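Enquirer: Next comes the structure file entry-v1.cif, holding mmCIF, N, CA and C atoms.
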data_coords
#
loop_
_atom_site.label_atom_id
_atom_site.label_comp_id
_atom_site.auth_asym_id
_atom_site.auth_seq_id
_atom_site.Cartn_x
_atom_site.Cartn_y
_atom_site.Cartn_z
N MET S 1227 -97.67 74.00 -70.99
CA MET S 1227 -96.41 73.51 -70.49
C MET S 1227 -96.16 72.11 -71.07
N LEU S 1228 -94.97 71.91 -71.56
CA LEU S 1228 -94.62 70.61 -72.14
C LEU S 1228 -94.24 69.62 -71.06
N LYS S 1229 -94.71 68.41 -71.20
CA LYS S 1229 -94.37 67.34 -70.25
C LYS S 1229 -93.10 66.66 -70.72
N SER S 1230 -92.16 66.51 -69.81
CA SER S 1230 -90.90 65.87 -70.15
C SER S 1230 -90.96 64.39 -69.77
N PHE S 1231 -90.74 63.52 -70.71
CA PHE S 1231 -90.73 62.09 -70.44
C PHE S 1231 -89.98 61.35 -71.53
N ILE S 1232 -89.69 60.11 -71.25
CA ILE S 1232 -89.02 59.24 -72.22
C ILE S 1232 -90.05 58.23 -72.70
N VAL S 1233 -90.02 57.94 -73.99
CA VAL S 1233 -90.98 57.00 -74.57
C VAL S 1233 -90.21 55.76 -75.01
N ASP S 1234 -90.75 54.58 -74.64
CA ASP S 1234 -90.08 53.35 -75.04
C ASP S 1234 -90.43 53.02 -76.49
N PHE S 1235 -89.94 51.89 -77.00
CA PHE S 1235 -90.11 51.56 -78.41
C PHE S 1235 -91.57 51.31 -78.80
N ARG S 1236 -92.46 51.07 -77.83
CA ARG S 1236 -93.87 50.87 -78.13
C ARG S 1236 -94.67 52.17 -77.98
N GLY S 1237 -93.99 53.28 -77.65
CA GLY S 1237 -94.67 54.55 -77.49
C GLY S 1237 -95.23 54.77 -76.10
N GLN S 1238 -94.86 53.93 -75.13
CA GLN S 1238 -95.35 54.05 -73.77
C GLN S 1238 -94.38 54.90 -72.94
N GLU S 1239 -94.93 55.74 -72.04
CA GLU S 1239 -94.08 56.53 -71.16
C GLU S 1239 -93.36 55.59 -70.20
N MET S 1240 -92.08 55.84 -70.03
CA MET S 1240 -91.27 55.02 -69.13
C MET S 1240 -91.29 55.64 -67.74
N GLY S 1241 -91.36 54.83 -66.71
CA GLY S 1241 -91.35 55.31 -65.34
C GLY S 1241 -89.97 55.74 -64.89
N SER S 1242 -89.95 56.34 -63.73
CA SER S 1242 -88.70 56.86 -63.16
C SER S 1242 -87.67 55.75 -62.96
N LEU S 1243 -88.12 54.60 -62.46
CA LEU S 1243 -87.21 53.47 -62.23
C LEU S 1243 -86.58 53.03 -63.55
N THR S 1244 -87.39 52.94 -64.58
CA THR S 1244 -86.90 52.51 -65.90
C THR S 1244 -85.93 53.54 -66.47
N ARG S 1245 -86.23 54.83 -66.31
CA ARG S 1245 -85.33 55.87 -66.82
C ARG S 1245 -83.99 55.83 -66.09
N SER S 1246 -84.05 55.66 -64.76
CA SER S 1246 -82.81 55.60 -63.99
C SER S 1246 -81.99 54.37 -64.35
N THR S 1247 -82.66 53.24 -64.54
CA THR S 1247 -81.97 52.01 -64.93
C THR S 1247 -81.31 52.20 -66.29
N ALA S 1248 -82.04 52.81 -67.22
CA ALA S 1248 -81.49 53.06 -68.56
C ALA S 1248 -80.30 54.02 -68.49
N PHE S 1249 -80.41 55.03 -67.64
CA PHE S 1249 -79.32 56.01 -67.48
C PHE S 1249 -78.05 55.32 -66.98
N VAL S 1250 -78.17 54.51 -65.95
CA VAL S 1250 -76.99 53.83 -65.40
C VAL S 1250 -76.45 52.81 -66.39
N SER S 1251 -77.34 52.05 -67.01
CA SER S 1251 -76.92 51.00 -67.95
C SER S 1251 -76.26 51.55 -69.20
N SER S 1252 -76.53 52.80 -69.55
CA SER S 1252 -75.98 53.37 -70.77
C SER S 1252 -74.49 53.71 -70.65
N SER S 1253 -73.93 53.60 -69.46
CA SER S 1253 -72.51 53.89 -69.26
C SER S 1253 -71.88 52.77 -68.44
N SER S 1254 -70.86 52.15 -69.00
CA SER S 1254 -70.18 51.09 -68.24
C SER S 1254 -69.53 51.64 -66.99
N VAL S 1255 -69.07 52.89 -67.04
CA VAL S 1255 -68.44 53.51 -65.86
C VAL S 1255 -69.48 53.67 -64.76
N ARG S 1256 -70.65 54.25 -65.09
CA ARG S 1256 -71.69 54.44 -64.08
C ARG S 1256 -72.16 53.11 -63.50
N SER S 1257 -72.39 52.11 -64.36
CA SER S 1257 -72.88 50.83 -63.84
C SER S 1257 -71.84 50.14 -62.96
N LYS S 1258 -70.57 50.23 -63.32
CA LYS S 1258 -69.52 49.62 -62.50
C LYS S 1258 -69.34 50.37 -61.18
N LEU S 1259 -69.47 51.70 -61.23
CA LEU S 1259 -69.38 52.47 -59.99
C LEU S 1259 -70.49 52.08 -59.03
N LEU S 1260 -71.71 52.01 -59.54
CA LEU S 1260 -72.83 51.64 -58.69
C LEU S 1260 -72.62 50.25 -58.11
N GLU S 1261 -72.15 49.32 -58.93
CA GLU S 1261 -71.87 47.96 -58.46
C GLU S 1261 -70.83 47.99 -57.34
N GLN S 1262 -69.76 48.76 -57.50
CA GLN S 1262 -68.72 48.84 -56.48
C GLN S 1262 -69.24 49.45 -55.18
N LEU S 1263 -70.13 50.42 -55.29
CA LEU S 1263 -70.64 51.11 -54.10
C LEU S 1263 -71.70 50.31 -53.36
N ILE S 1264 -72.26 49.29 -54.00
CA ILE S 1264 -73.22 48.41 -53.33
C ILE S 1264 -72.52 47.67 -52.19
N SER S 1265 -71.25 47.32 -52.39
CA SER S 1265 -70.53 46.55 -51.38
C SER S 1265 -70.03 47.40 -50.22
N GLY S 1266 -70.13 48.72 -50.34
CA GLY S 1266 -69.71 49.59 -49.25
C GLY S 1266 -69.12 50.89 -49.76
N PRO S 1267 -68.97 51.87 -48.86
CA PRO S 1267 -68.46 53.19 -49.23
C PRO S 1267 -67.02 53.13 -49.76
N LYS S 1268 -66.76 53.98 -50.75
CA LYS S 1268 -65.42 54.08 -51.33
C LYS S 1268 -65.18 55.53 -51.76
N THR S 1269 -63.91 55.88 -51.87
CA THR S 1269 -63.54 57.21 -52.34
C THR S 1269 -63.42 57.19 -53.87
N PRO S 1270 -63.48 58.36 -54.50
CA PRO S 1270 -63.25 58.40 -55.95
C PRO S 1270 -61.90 57.82 -56.36
N THR S 1271 -60.89 58.05 -55.53
CA THR S 1271 -59.55 57.50 -55.82
C THR S 1271 -59.57 55.98 -55.80
N GLU S 1272 -60.23 55.39 -54.81
CA GLU S 1272 -60.33 53.93 -54.75
C GLU S 1272 -61.09 53.39 -55.96
N LEU S 1273 -62.18 54.04 -56.29
CA LEU S 1273 -63.00 53.59 -57.43
C LEU S 1273 -62.23 53.72 -58.74
N ALA S 1274 -61.47 54.80 -58.90
CA ALA S 1274 -60.66 54.99 -60.11
C ALA S 1274 -59.62 53.89 -60.24
N SER S 1275 -59.01 53.52 -59.13
CA SER S 1275 -58.01 52.46 -59.13
C SER S 1275 -58.64 51.12 -59.50
N ILE S 1276 -59.79 50.83 -58.94
CA ILE S 1276 -60.50 49.57 -59.23
C ILE S 1276 -60.86 49.49 -60.71
N GLN S 1277 -61.33 50.61 -61.26
CA GLN S 1277 -61.81 50.62 -62.64
C GLN S 1277 -60.73 50.90 -63.68
N GLY S 1278 -59.57 51.34 -63.21
CA GLY S 1278 -58.52 51.68 -64.16
C GLY S 1278 -58.84 52.94 -64.95
N LYS S 1279 -59.56 53.86 -64.33
CA LYS S 1279 -59.95 55.12 -64.96
C LYS S 1279 -59.28 56.28 -64.23
N HIS S 1280 -59.24 57.43 -64.88
CA HIS S 1280 -58.72 58.64 -64.23
C HIS S 1280 -59.75 59.10 -63.20
N VAL S 1281 -59.28 59.64 -62.09
CA VAL S 1281 -60.16 60.05 -61.00
C VAL S 1281 -61.16 61.13 -61.45
N SER S 1282 -60.78 61.96 -62.42
CA SER S 1282 -61.71 62.99 -62.90
C SER S 1282 -62.90 62.37 -63.63
N HIS S 1283 -62.64 61.29 -64.35
CA HIS S 1283 -63.73 60.57 -65.05
C HIS S 1283 -64.69 59.97 -64.02
N VAL S 1284 -64.14 59.35 -62.99
CA VAL S 1284 -64.93 58.75 -61.93
C VAL S 1284 -65.72 59.82 -61.17
N SER S 1285 -65.07 60.93 -60.87
CA SER S 1285 -65.73 62.01 -60.14
C SER S 1285 -66.92 62.57 -60.92
N ARG S 1286 -66.75 62.71 -62.22
CA ARG S 1286 -67.85 63.20 -63.06
C ARG S 1286 -69.02 62.22 -63.04
N ALA S 1287 -68.73 60.93 -63.17
CA ALA S 1287 -69.78 59.91 -63.15
C ALA S 1287 -70.47 59.87 -61.79
N LEU S 1288 -69.70 60.02 -60.71
CA LEU S 1288 -70.28 60.06 -59.37
C LEU S 1288 -71.22 61.26 -59.21
N ALA S 1289 -70.82 62.39 -59.76
CA ALA S 1289 -71.66 63.59 -59.70
C ALA S 1289 -72.99 63.36 -60.43
N GLU S 1290 -72.94 62.67 -61.57
CA GLU S 1290 -74.16 62.35 -62.32
C GLU S 1290 -75.06 61.42 -61.51
N LEU S 1291 -74.47 60.41 -60.89
CA LEU S 1291 -75.24 59.48 -60.07
C LEU S 1291 -75.81 60.18 -58.84
N LYS S 1292 -75.03 61.05 -58.25
CA LYS S 1292 -75.48 61.80 -57.06
C LYS S 1292 -76.64 62.72 -57.41
N GLU S 1293 -76.54 63.38 -58.55
CA GLU S 1293 -77.59 64.29 -59.02
C GLU S 1293 -78.94 63.57 -59.16
N ARG S 1294 -78.89 62.31 -59.49
CA ARG S 1294 -80.11 61.51 -59.66
C ARG S 1294 -80.51 60.74 -58.41
N GLY S 1295 -79.77 60.96 -57.31
CA GLY S 1295 -80.12 60.34 -56.04
C GLY S 1295 -79.74 58.88 -55.91
N LEU S 1296 -78.81 58.42 -56.75
CA LEU S 1296 -78.43 57.00 -56.73
C LEU S 1296 -77.24 56.73 -55.83
N VAL S 1297 -76.42 57.74 -55.58
CA VAL S 1297 -75.32 57.65 -54.61
C VAL S 1297 -75.36 58.90 -53.75
N GLU S 1298 -74.72 58.81 -52.59
CA GLU S 1298 -74.63 59.98 -51.72
C GLU S 1298 -73.22 60.09 -51.16
N GLN S 1299 -72.85 61.31 -50.88
CA GLN S 1299 -71.55 61.61 -50.28
C GLN S 1299 -71.72 61.52 -48.77
N LEU S 1300 -70.84 60.78 -48.11
CA LEU S 1300 -70.99 60.57 -46.68
C LEU S 1300 -70.48 61.72 -45.84
N SER S 1301 -69.38 62.34 -46.25
CA SER S 1301 -68.80 63.40 -45.43
C SER S 1301 -68.11 64.41 -46.32
N THR S 1302 -68.19 65.66 -45.93
CA THR S 1302 -67.48 66.71 -46.66
C THR S 1302 -66.29 67.21 -45.86
N ALA S 1303 -66.05 66.58 -44.70
CA ALA S 1303 -65.01 67.06 -43.78
C ALA S 1303 -63.60 66.76 -44.26
N SER S 1304 -63.39 65.63 -44.87
CA SER S 1304 -62.04 65.24 -45.26
C SER S 1304 -61.78 65.53 -46.74
N ARG S 1305 -60.53 65.49 -47.10
CA ARG S 1305 -60.15 65.72 -48.50
C ARG S 1305 -60.68 64.59 -49.39
N GLU S 1306 -60.55 63.37 -48.93
CA GLU S 1306 -61.08 62.21 -49.66
C GLU S 1306 -62.50 61.94 -49.20
N ARG S 1307 -63.45 62.19 -50.04
CA ARG S 1307 -64.86 62.01 -49.69
C ARG S 1307 -65.31 60.59 -50.03
N TYR S 1308 -66.04 60.00 -49.12
CA TYR S 1308 -66.58 58.67 -49.35
C TYR S 1308 -67.98 58.77 -49.92
N TYR S 1309 -68.28 57.86 -50.86
CA TYR S 1309 -69.60 57.76 -51.47
C TYR S 1309 -70.16 56.37 -51.21
N ARG S 1310 -71.49 56.30 -51.15
CA ARG S 1310 -72.15 54.99 -51.04
C ARG S 1310 -73.43 55.03 -51.87
N ALA S 1311 -73.91 53.85 -52.19
CA ALA S 1311 -75.16 53.73 -52.93
C ALA S 1311 -76.32 54.04 -51.99
N THR S 1312 -77.32 54.76 -52.49
CA THR S 1312 -78.53 55.02 -51.72
C THR S 1312 -79.48 53.83 -51.89
N SER S 1313 -80.58 53.85 -51.18
CA SER S 1313 -81.56 52.77 -51.34
C SER S 1313 -82.11 52.77 -52.77
N GLN S 1314 -82.27 53.95 -53.35
CA GLN S 1314 -82.72 54.02 -54.75
C GLN S 1314 -81.65 53.44 -55.67
N GLY S 1315 -80.39 53.71 -55.38
CA GLY S 1315 -79.30 53.14 -56.17
C GLY S 1315 -79.27 51.63 -56.08
N MET S 1316 -79.52 51.11 -54.89
CA MET S 1316 -79.57 49.65 -54.70
C MET S 1316 -80.74 49.04 -55.48
N THR S 1317 -81.86 49.75 -55.51
CA THR S 1317 -83.02 49.27 -56.28
C THR S 1317 -82.69 49.23 -57.77
N ILE S 1318 -82.03 50.28 -58.26
CA ILE S 1318 -81.65 50.33 -59.67
C ILE S 1318 -80.67 49.20 -59.99
N TYR S 1319 -79.70 48.98 -59.12
CA TYR S 1319 -78.73 47.90 -59.33
C TYR S 1319 -79.43 46.55 -59.40
N THR S 1320 -80.38 46.32 -58.48
CA THR S 1320 -81.15 45.07 -58.47
C THR S 1320 -81.93 44.92 -59.78
N GLN S 1321 -82.52 46.01 -60.25
CA GLN S 1321 -83.27 45.99 -61.51
C GLN S 1321 -82.34 45.65 -62.68
N MET S 1322 -81.13 46.20 -62.66
CA MET S 1322 -80.17 45.92 -63.73
C MET S 1322 -79.78 44.45 -63.73
N ILE S 1323 -79.58 43.88 -62.55
CA ILE S 1323 -79.21 42.47 -62.45
C ILE S 1323 -80.33 41.59 -62.99
N LYS S 1324 -81.57 41.92 -62.66
CA LYS S 1324 -82.73 41.15 -63.14
C LYS S 1324 -82.84 41.22 -64.67
N THR S 1325 -82.52 42.39 -65.23
CA THR S 1325 -82.60 42.59 -66.67
C THR S 1325 -81.57 41.75 -67.41
N VAL S 1326 -80.39 41.59 -66.83
CA VAL S 1326 -79.31 40.84 -67.46
C VAL S 1326 -79.62 39.34 -67.50
N ARG S 1327 -80.31 38.86 -66.49
CA ARG S 1327 -80.59 37.41 -66.39
C ARG S 1327 -81.60 36.94 -67.36
#
Let me see whether you can do it: turn the structure in this file into structure tokens.

Expert:
Amino acid sequence: MLKSFIVDFRGQEMGSLTRSTAFVSSSSVRSKLLEQLISGPKTPTELASIQGKHVSHVSRALAELKERGLVEQLSTASRERYYRATSQGMTIYTQMIKTVR
């Protein structure tokens, strides 16, 4: 069975935190979404308006973040669903901030 992993430039296996940080950092939309959700829950429509993007683009990026456990959907009851950053998402955001400094 083949082991799936990412190798950094020195040939070392990268950990889950590093892979998630790299995944979010590789897209300005994903990183800005995560940043916006750190301050509190928002709908895809609100996030699209803040970012100046089409709601379908934001929804796709939210689905990618959700799939990796970085954001979660709060309710499925209403038409407009609210999303928030998970504790893992907050950790990734903190890691990204440290990397920039």

Enquirer: Please, what distance in Å, to one decimal, runs between atom CA of Ala1289 of chain S and atom N of Thr1325 of chain S?

Expert: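 Atom N of Thr1325 of chain S lies at a distance of 24.5 Å from atom CA of Ala1289 of chain S.
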
Enquirer: Could you tell me how far atom N of Leu1260 of chain S lies from atom CA of Arg1307 of chain S, in Å and to one decimal?

Expert: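 Rounded to one decimal, the two atoms are 15.6 Å apart.
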
Enquirer: Could you give me the residues within chain S that DSSP places in alpha helix (DSSP H), as a ChimeraX atom specification?

Expert: /S:1242-1251,1254-1264,1270-1277,1281-1293,1313-1326

Enquirer: Set the distance at 7 Å and use only N, CA and C atoms: which residues neighbour Ile1264 of chain S once local chain neighbours fewer than 6 positions away are removed? I'd like the list as a PyMOL selection string.

Expert: chain S and resi 1310-1311+1316

Enquirer: For N, CA and C atoms, I'd like the residues from the last selection saved as an mmCIF file, in the coordinates of the input.

Expert:
data_model
loop_
_atom_site.group_PDB
_atom_site.id
_atom_site.type_symbol
_atom_site.label_atom_id
_atom_site.label_comp_id
_atom_site.auth_asym_id
_atom_site.auth_seq_id
_atom_site.Cartn_x
_atom_site.Cartn_y
_atom_site.Cartn_z
ATOM 1 N N ARG S 1310 -71.490 56.300 -51.150
ATOM 2 C CA ARG S 1310 -72.150 54.990 -51.040
ATOM 3 C C ARG S 1310 -73.430 55.030 -51.870
ATOM 4 N N ALA S 1311 -73.910 53.850 -52.190
ATOM 5 C CA ALA S 1311 -75.160 53.730 -52.930
ATOM 6 C C ALA S 1311 -76.320 54.040 -51.990
ATOM 7 N N MET S 1316 -79.520 51.110 -54.890
ATOM 8 C CA MET S 1316 -79.570 49.650 -54.700
ATOM 9 C C MET S 1316 -80.740 49.040 -55.480
#

Enquirer: Which residue out of S:Gln1262, S:Thr1317, S:Thr1271, S:Ser1254 has the minimum interatomic distance to Ser1285 of chain S when all atoms listed in the file are used?

Expert: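 Checking each candidate against Ser1285 of chain S, we get S:Thr1271 as the closest.
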
Enquirer: What does the structure give for the distance between atom CA of Gly1278 of chain S and atom CA of Leu1243 of chain S, in Å to one decimal?

Expert: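 Pair atom CA of Gly1278 of chain S / atom CA of Leu1243 of chain S returns 28.8 Å.
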
Enquirer: Find the residue from S:Lys1324, S:Tyr1319, S:Pro1270, S:Ala1303 that sits nearest to Val1284 of chain S; use all atoms listed in the file when measuring.

Expert: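 Of S:Lys1324, S:Tyr1319, S:Pro1270, S:Ala1303, the one nearest Val1284 of chain S, counting all atoms listed in the file, is S:Pro1270.
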
Enquirer: Choose the residue, out of S:Gln1321, S:Gln1277, S:Ser1242, S:Thr1269, that has the smallest atom-to-atom separation from Val1255 of chain S; count only N, CA and C atoms.

Expert: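 Counting only N, CA and C atoms, the residue closest to Val1255 of chain S is S:Gln1277.
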
Enquirer: I'd like to know which of S:Ile1276, S:Ala1248, S:Val1281, S:Leu1300 is closest to Glu1261 of chain S, using only C-alpha atoms.

Expert: S:Ile1276

Enquirer: Can you list, as a ChimeraX atom specification, all residues belonging to chain S that DSSP tags as strand (DSSP E)?

Expert: /S:1297-1299,1309-1311
